[in-house]
Structures are given as C-alpha cells and as structure tokens.
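J.: Take this structure, written in structure tokens, and hold onto it; I'll ask about it next.
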Amino acid sequence: MRLVIQRTQKASVSINQEIVGQIDKGLLILLGIEDRDTDDDIEWLCQKVVKMRIFDDADGVPNLSVMDIPGADILLVSQFTLMASTKKGNRPSYIHASKPETAIPLYEKFIARLGQLMGHPVQTGRFGAMMEVSLINDGPHTIIMDSQNKDLF
C-alpha cells in the first residue's frame, strides 16, 4: 500500500459536483493498493498515520498527531494511480494496482481501522469514481509512505 498524506486546513472530495466527503483541519490521505497488500499493511500504516507527529504544538514544534488535535479529521481517497510504474516508456503502467475485487475489501478494512483508531468514522471519497479532490495544504506538509518499502520513505 502506498499513501500520500497531506496535512490540511481543509479538504473535500466531490463526485458530479456533489461533495461526498470533507474535513477542516486534519489529513487528506490518498491510498493506492496492490495485490500483495495484506491486513498487516493496513495495521502498520493506520497505526503510523494516527500517531504521526506532524501537527505543531504551542511552541510551533511538530509534536502532535491528528488524534491530539481537537476537531481534526481524516479524509481518505482511493487512488490507483499511486501504484504507477514509470520504469519503461512514457506511459505509466498500472499493472501493480489491484483490481477492484481485491482492492475494495482492503480499502474498506483501511477505512474501518482508521475509524476505530480515531474513535469516529473517517470521511471518504468513493472507490472507483471519477472524483475532484480539493485541499488547502497546511505547510505545505506532504508525506509519502509505502508498506512494501518501509525503509525508503
């Protein structure tokens, strides 16, 4: 699984000009899934996300997690293009991205686990839909994580 995590002042996702998920302060997470991902990847990533100290404390030092910030929330959006391979040629290959029959159950488990850890449901987009994602990136602050390459990021 590959994540792009962006600290936000606000973010939303729309489908056909209808907002289906939105948050104010918190994290926008783009999630890519590949066939070799498992429940262990979900657990590792979810634990890291909710405990990651990327929000400023009273002294302006990033010592707080999303769970430490009153009212902070998470917006999770599936994005198979995160699994693109650009190794050969000029057209990205998505051969490593899971097909919906594999990805949807993992996506749903990821949503459920984040919600459990946060203590309330997280906001989401809609798997497989053409979505418009809008955000005001706070910082800007963006982090990439990959459960298959933990040492790289």
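Residue numbering restarts at 1 for every chain of the structure tokens, chains are lettered A, B, ... in their displayed order, and ligands are numbered from 1 as they appear.
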Extract, using only C-alpha atoms, all DNA, RNA and protein residues at most 9 Å from A:Gly26, discarding same-chain residues fewer than 2 positions from it, and format them as a PyMOL selection string.

T.: chain A and resi 6-11+23-24+28+55+66+69+71-75

J.: From a DSSP calculation on the backbone, collect every residue of stretch 26-136 of chain A in strand (DSSP E) and output the set as a PyMOL selection string.

T.: chain A and resi 26-32+55-56+62-64+73-78+123-124+132-136

J.: Keeping N, CA and C atoms for every residue in the selection just given, could you write it to a file as a tab-separated table (two decimals), in the first residue's frame?

T.:
```
chain	number	residue	atom	x	y	z
A	26	GLY	N	-6.83	18.61	9.44
A	26	GLY	CA	-6.63	17.17	9.53
A	26	GLY	C	-5.70	16.66	8.45
A	27	LEU	N	-6.02	15.46	7.97
A	27	LEU	CA	-5.17	14.79	6.99
A	27	LEU	C	-6.00	14.33	5.79
A	28	LEU	N	-5.55	14.68	4.60
A	28	LEU	CA	-6.06	14.09	3.37
A	28	LEU	C	-5.10	12.97	3.02
A	29	ILE	N	-5.64	11.77	2.86
A	29	ILE	CA	-4.80	10.61	2.55
A	29	ILE	C	-5.25	10.01	1.23
A	30	LEU	N	-4.32	9.91	0.29
A	30	LEU	CA	-4.55	9.22	-0.97
A	30	LEU	C	-3.97	7.82	-0.81
A	31	LEU	N	-4.75	6.80	-1.17
A	31	LEU	CA	-4.39	5.40	-0.91
A	31	LEU	C	-4.34	4.60	-2.20
A	32	GLY	N	-3.19	3.97	-2.45
A	32	GLY	CA	-3.04	3.04	-3.57
A	32	GLY	C	-2.82	1.64	-3.03
A	55	PHE	N	1.69	17.76	13.53
A	55	PHE	CA	0.97	18.99	13.85
A	55	PHE	C	1.73	19.75	14.92
A	56	ASP	N	1.75	21.07	14.80
A	56	ASP	CA	2.51	21.91	15.73
A	56	ASP	C	1.88	21.98	17.11
A	62	PRO	N	6.42	20.36	15.60
A	62	PRO	CA	5.51	19.28	15.23
A	62	PRO	C	5.60	18.09	16.19
A	63	ASN	N	4.89	18.20	17.28
A	63	ASN	CA	4.89	17.16	18.32
A	63	ASN	C	3.53	16.50	18.50
A	64	LEU	N	2.52	16.89	17.71
A	64	LEU	CA	1.17	16.39	17.91
A	64	LEU	C	0.70	15.56	16.73
A	73	ASP	N	-9.57	15.70	11.59
A	73	ASP	CA	-10.21	14.55	10.98
A	73	ASP	C	-9.36	14.03	9.82
A	74	ILE	N	-9.82	12.94	9.24
A	74	ILE	CA	-9.13	12.32	8.11
A	74	ILE	C	-10.11	12.17	6.95
A	75	LEU	N	-9.63	12.50	5.75
A	75	LEU	CA	-10.36	12.27	4.50
A	75	LEU	C	-9.52	11.28	3.69
A	76	LEU	N	-10.06	10.09	3.43
A	76	LEU	CA	-9.35	9.03	2.72
A	76	LEU	C	-9.92	8.88	1.32
A	77	VAL	N	-9.03	8.90	0.32
A	77	VAL	CA	-9.44	8.81	-1.08
A	77	VAL	C	-8.63	7.71	-1.76
A	78	SER	N	-9.32	6.76	-2.39
A	78	SER	CA	-8.61	5.72	-3.13
A	78	SER	C	-8.03	6.33	-4.41
A	123	GLN	N	-13.91	10.45	6.88
A	123	GLN	CA	-14.55	10.86	5.64
A	123	GLN	C	-13.87	10.14	4.48
A	124	THR	N	-14.60	9.89	3.40
A	124	THR	CA	-14.03	9.18	2.26
A	124	THR	C	-14.55	9.75	0.94
A	132	GLU	N	-13.21	14.78	-7.83
A	132	GLU	CA	-12.46	16.03	-7.78
A	132	GLU	C	-12.06	16.24	-6.33
A	133	VAL	N	-10.76	16.30	-6.10
A	133	VAL	CA	-10.24	16.47	-4.75
A	133	VAL	C	-9.71	17.89	-4.61
A	134	SER	N	-10.12	18.54	-3.55
A	134	SER	CA	-9.71	19.92	-3.30
A	134	SER	C	-9.10	19.98	-1.91
A	135	LEU	N	-8.00	20.72	-1.78
A	135	LEU	CA	-7.43	20.87	-0.45
A	135	LEU	C	-6.66	22.17	-0.34
A	136	ILE	N	-6.58	22.63	0.88
A	136	ILE	CA	-5.63	23.67	1.25
A	136	ILE	C	-4.61	22.96	2.11
```

J.: Can you pull out every residue within 9 Å of A:His96, counting only C-alpha atoms, but drop anything in the same chain fewer than 4 positions away, and send it as a PyMOL selection string?

T.: chain A and resi 33-35+83-85

J.: Suppose we keep all heavy atoms; can you now write the selection as a PDB file, in the first residue's frame?

T.:
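Output (part-v7.pdb):
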```
ATOM      1  N   ILE A  33      -3.448   0.658  -3.669  1.00  0.00           N
ATOM      2  CA  ILE A  33      -3.409  -0.731  -3.189  1.00  0.00           C
ATOM      3  C   ILE A  33      -2.886  -1.635  -4.294  1.00  0.00           C
ATOM      4  O   ILE A  33      -3.270  -1.502  -5.458  1.00  0.00           O
ATOM      5  CB  ILE A  33      -4.822  -1.188  -2.762  1.00  0.00           C
ATOM      6  CG1 ILE A  33      -5.341  -0.296  -1.627  1.00  0.00           C
ATOM      7  CG2 ILE A  33      -4.821  -2.659  -2.347  1.00  0.00           C
ATOM      8  CD1 ILE A  33      -6.803  -0.501  -1.285  1.00  0.00           C
ATOM      9  N   GLU A  34      -2.010  -2.589  -3.896  1.00  0.00           N
ATOM     10  CA  GLU A  34      -1.528  -3.591  -4.840  1.00  0.00           C
ATOM     11  C   GLU A  34      -1.841  -4.988  -4.307  1.00  0.00           C
ATOM     12  O   GLU A  34      -2.172  -5.154  -3.131  1.00  0.00           O
ATOM     13  CB  GLU A  34      -0.040  -3.419  -5.130  1.00  0.00           C
ATOM     14  CG  GLU A  34       0.875  -3.561  -3.953  1.00  0.00           C
ATOM     15  CD  GLU A  34       2.341  -3.324  -4.322  1.00  0.00           C
ATOM     16  OE1 GLU A  34       2.760  -3.730  -5.419  1.00  0.00           O
ATOM     17  OE2 GLU A  34       3.045  -2.731  -3.514  1.00  0.00           O
ATOM     18  N   ASP A  35      -1.754  -5.999  -5.159  1.00  0.00           N
ATOM     19  CA  ASP A  35      -2.197  -7.351  -4.813  1.00  0.00           C
ATOM     20  C   ASP A  35      -1.474  -7.954  -3.610  1.00  0.00           C
ATOM     21  O   ASP A  35      -2.057  -8.748  -2.884  1.00  0.00           O
ATOM     22  CB  ASP A  35      -2.052  -8.294  -6.012  1.00  0.00           C
ATOM     23  CG  ASP A  35      -3.098  -8.034  -7.075  1.00  0.00           C
ATOM     24  OD1 ASP A  35      -4.106  -7.361  -6.774  1.00  0.00           O
ATOM     25  OD2 ASP A  35      -2.912  -8.497  -8.216  1.00  0.00           O
ATOM     26  N   MET A  83       0.051   3.627  -7.739  1.00  0.00           N
ATOM     27  CA  MET A  83       0.795   2.398  -7.972  1.00  0.00           C
ATOM     28  C   MET A  83       1.442   2.375  -9.364  1.00  0.00           C
ATOM     29  O   MET A  83       1.935   1.357  -9.815  1.00  0.00           O
ATOM     30  CB  MET A  83      -0.128   1.188  -7.807  1.00  0.00           C
ATOM     31  CG  MET A  83      -0.842   1.130  -6.455  1.00  0.00           C
ATOM     32  SD  MET A  83       0.161   1.527  -5.008  1.00  0.00           S
ATOM     33  CE  MET A  83       1.326   0.200  -5.012  1.00  0.00           C
ATOM     34  N   ALA A  84       1.450   3.521 -10.044  1.00  0.00           N
ATOM     35  CA  ALA A  84       2.005   3.597 -11.398  1.00  0.00           C
ATOM     36  C   ALA A  84       3.477   3.214 -11.425  1.00  0.00           C
ATOM     37  O   ALA A  84       4.247   3.572 -10.539  1.00  0.00           O
ATOM     38  CB  ALA A  84       1.841   5.015 -11.946  1.00  0.00           C
ATOM     39  N   SER A  85       3.836   2.496 -12.465  1.00  0.00           N
ATOM     40  CA  SER A  85       5.237   2.214 -12.746  1.00  0.00           C
ATOM     41  C   SER A  85       5.639   3.089 -13.926  1.00  0.00           C
ATOM     42  O   SER A  85       4.992   3.075 -14.975  1.00  0.00           O
ATOM     43  CB  SER A  85       5.428   0.740 -13.099  1.00  0.00           C
ATOM     44  OG  SER A  85       6.751   0.531 -13.556  1.00  0.00           O
TER      45      SER A  85
END
```

J.: Have a look at A:Gly21, A:Gly60, A:Gly115, A:Pro70 and name the one nearest to A:Gln47; count only C-alpha atoms.

T.: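 Going through A:Gly21, A:Gly60, A:Gly115, A:Pro70 one by one, the smallest distance to A:Gln47 is for A:Gly115.
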
J.: Give me, please, the distance in Å between atom CA of A:Met145 and atom CA of A:Asn90, quoted to one decimal.

T.: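 These two atoms are separated by 24.3 Å.
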
J.: Could you give me, as a list in words, the residues within 8 Å of A:Met131, counting only C-alpha atoms and dropping anything in the same chain fewer than 4 positions from it?

T.: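 Residues meeting the cut-off are Val13, Ser14, Ile15, Asn16, Gly125 and Arg126 of chain A.
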
J.: Any chance you could list, as a PyMOL selection string, the residues in chain A that come up helix (DSSP H, G or I) when DSSP is run on the backbone?

T.: chain A and resi 39-51+66-68+80-83+100-118

J.: Go ahead and save the residues from that selection, with N, CA and C atoms, as a JSON list (two decimals), in the first residue's frame.

T.:
```json
[["chain", "number", "residue", "atom", "x", "y", "z"],
["A", 39, "ASP", "N", -3.69, -7.45, 5.54],
["A", 39, "ASP", "CA", -4.17, -6.82, 6.76],
["A", 39, "ASP", "C", -3.02, -6.26, 7.59],
["A", 40, "ASP", "N", -1.86, -6.89, 7.53],
["A", 40, "ASP", "CA", -0.68, -6.38, 8.26],
["A", 40, "ASP", "C", -0.26, -5.00, 7.73],
["A", 41, "ASP", "N", -0.36, -4.80, 6.42],
["A", 41, "ASP", "CA", -0.04, -3.49, 5.84],
["A", 41, "ASP", "C", -1.04, -2.44, 6.33],
["A", 42, "ILE", "N", -2.30, -2.81, 6.38],
["A", 42, "ILE", "CA", -3.33, -1.90, 6.88],
["A", 42, "ILE", "C", -3.01, -1.48, 8.30],
["A", 43, "GLU", "N", -2.72, -2.46, 9.15],
["A", 43, "GLU", "CA", -2.46, -2.16, 10.56],
["A", 43, "GLU", "C", -1.23, -1.27, 10.72],
["A", 44, "TRP", "N", -0.15, -1.60, 10.04],
["A", 44, "TRP", "CA", 1.09, -0.81, 10.16],
["A", 44, "TRP", "C", 0.85, 0.62, 9.72],
["A", 45, "LEU", "N", 0.22, 0.80, 8.55],
["A", 45, "LEU", "CA", 0.00, 2.14, 8.03],
["A", 45, "LEU", "C", -0.97, 2.94, 8.90],
["A", 46, "CYS", "N", -2.07, 2.33, 9.30],
["A", 46, "CYS", "CA", -3.06, 3.06, 10.12],
["A", 46, "CYS", "C", -2.45, 3.50, 11.44],
["A", 47, "GLN", "N", -1.68, 2.63, 12.08],
["A", 47, "GLN", "CA", -1.03, 3.00, 13.34],
["A", 47, "GLN", "C", -0.06, 4.16, 13.12],
["A", 48, "LYS", "N", 0.71, 4.10, 12.05],
["A", 48, "LYS", "CA", 1.66, 5.18, 11.76],
["A", 48, "LYS", "C", 0.92, 6.50, 11.49],
["A", 49, "VAL", "N", -0.14, 6.45, 10.70],
["A", 49, "VAL", "CA", -0.88, 7.66, 10.34],
["A", 49, "VAL", "C", -1.42, 8.36, 11.58],
["A", 50, "VAL", "N", -2.12, 7.64, 12.44],
["A", 50, "VAL", "CA", -2.79, 8.31, 13.57],
["A", 50, "VAL", "C", -1.81, 8.76, 14.65],
["A", 51, "LYS", "N", -0.62, 8.18, 14.67],
["A", 51, "LYS", "CA", 0.37, 8.55, 15.69],
["A", 51, "LYS", "C", 1.45, 9.50, 15.16],
["A", 66, "VAL", "N", -2.70, 13.64, 14.64],
["A", 66, "VAL", "CA", -4.06, 14.00, 14.26],
["A", 66, "VAL", "C", -5.03, 13.71, 15.41],
["A", 67, "MET", "N", -4.71, 12.72, 16.23],
["A", 67, "MET", "CA", -5.58, 12.38, 17.36],
["A", 67, "MET", "C", -5.44, 13.38, 18.50],
["A", 68, "ASP", "N", -4.35, 14.15, 18.52],
["A", 68, "ASP", "CA", -4.11, 15.13, 19.58],
["A", 68, "ASP", "C", -4.77, 16.48, 19.30],
["A", 80, "PHE", "N", -5.71, 4.59, -7.46],
["A", 80, "PHE", "CA", -4.90, 3.51, -8.02],
["A", 80, "PHE", "C", -3.67, 4.03, -8.75],
["A", 81, "THR", "N", -3.69, 5.29, -9.21],
["A", 81, "THR", "CA", -2.56, 5.81, -9.97],
["A", 81, "THR", "C", -1.30, 5.96, -9.11],
["A", 82, "LEU", "N", -1.44, 5.89, -7.79],
["A", 82, "LEU", "CA", -0.25, 5.90, -6.92],
["A", 82, "LEU", "C", 0.62, 4.68, -7.16],
["A", 83, "MET", "N", 0.05, 3.63, -7.74],
["A", 83, "MET", "CA", 0.80, 2.40, -7.97],
["A", 83, "MET", "C", 1.44, 2.37, -9.36],
["A", 100, "PRO", "N", -10.46, -4.11, -8.64],
["A", 100, "PRO", "CA", -11.47, -3.82, -7.62],
["A", 100, "PRO", "C", -11.83, -4.99, -6.71],
["A", 101, "GLU", "N", -11.90, -6.20, -7.25],
["A", 101, "GLU", "CA", -12.29, -7.35, -6.40],
["A", 101, "GLU", "C", -11.30, -7.60, -5.27],
["A", 102, "THR", "N", -10.06, -7.21, -5.45],
["A", 102, "THR", "CA", -9.04, -7.31, -4.39],
["A", 102, "THR", "C", -8.95, -6.02, -3.59],
["A", 103, "ALA", "N", -8.98, -4.89, -4.29],
["A", 103, "ALA", "CA", -8.75, -3.60, -3.64],
["A", 103, "ALA", "C", -9.90, -3.14, -2.76],
["A", 104, "ILE", "N", -11.14, -3.36, -3.18],
["A", 104, "ILE", "CA", -12.27, -2.83, -2.41],
["A", 104, "ILE", "C", -12.32, -3.38, -0.98],
["A", 105, "PRO", "N", -12.19, -4.69, -0.78],
["A", 105, "PRO", "CA", -12.19, -5.17, 0.62],
["A", 105, "PRO", "C", -11.06, -4.58, 1.46],
["A", 106, "LEU", "N", -9.87, -4.41, 0.87],
["A", 106, "LEU", "CA", -8.76, -3.81, 1.61],
["A", 106, "LEU", "C", -9.02, -2.33, 1.89],
["A", 107, "TYR", "N", -9.56, -1.62, 0.94],
["A", 107, "TYR", "CA", -9.93, -0.22, 1.11],
["A", 107, "TYR", "C", -10.95, -0.08, 2.25],
["A", 108, "GLU", "N", -11.96, -0.94, 2.26],
["A", 108, "GLU", "CA", -12.97, -0.88, 3.31],
["A", 108, "GLU", "C", -12.39, -1.21, 4.68],
["A", 109, "LYS", "N", -11.48, -2.18, 4.74],
["A", 109, "LYS", "CA", -10.81, -2.50, 6.00],
["A", 109, "LYS", "C", -9.96, -1.32, 6.47],
["A", 110, "PHE", "N", -9.29, -0.66, 5.54],
["A", 110, "PHE", "CA", -8.46, 0.50, 5.88],
["A", 110, "PHE", "C", -9.34, 1.60, 6.49],
["A", 111, "ILE", "N", -10.47, 1.88, 5.87],
["A", 111, "ILE", "CA", -11.40, 2.89, 6.38],
["A", 111, "ILE", "C", -11.88, 2.52, 7.78],
["A", 112, "ALA", "N", -12.28, 1.27, 7.94],
["A", 112, "ALA", "CA", -12.78, 0.81, 9.24],
["A", 112, "ALA", "C", -11.71, 0.91, 10.33],
["A", 113, "ARG", "N", -10.49, 0.51, 10.01],
["A", 113, "ARG", "CA", -9.42, 0.55, 11.02],
["A", 113, "ARG", "C", -9.06, 1.97, 11.40],
["A", 114, "LEU", "N", -8.97, 2.87, 10.42],
["A", 114, "LEU", "CA", -8.71, 4.27, 10.74],
["A", 114, "LEU", "C", -9.82, 4.83, 11.63],
["A", 115, "GLY", "N", -11.06, 4.49, 11.31],
["A", 115, "GLY", "CA", -12.19, 4.95, 12.12],
["A", 115, "GLY", "C", -12.12, 4.43, 13.55],
["A", 116, "GLN", "N", -11.73, 3.16, 13.71],
["A", 116, "GLN", "CA", -11.57, 2.60, 15.06],
["A", 116, "GLN", "C", -10.52, 3.37, 15.84],
["A", 117, "LEU", "N", -9.39, 3.60, 15.21],
["A", 117, "LEU", "CA", -8.29, 4.29, 15.90],
["A", 117, "LEU", "C", -8.64, 5.74, 16.22],
["A", 118, "MET", "N", -9.36, 6.40, 15.32],
["A", 118, "MET", "CA", -9.75, 7.80, 15.53],
["A", 118, "MET", "C", -10.90, 7.93, 16.53]]
```

J.: To one decimal place in Å, what is the distance between atom CA of A:Leu3 and atom CA of A:Met52?

T.: 13.2 Å

J.: Considering only C-alpha atoms, can you say which of A:Met1, A:Ser65, A:Arg36, A:Ile54 comes closest to A:Pro140?

T.: A:Ile54

J.: Work out how far apart atom CA of A:Val4 and atom CA of A:Thr142 are and give it in Å to one decimal.

T.: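 Calculated distance between atom CA of A:Val4 and atom CA of A:Thr142 is 6.9 Å.
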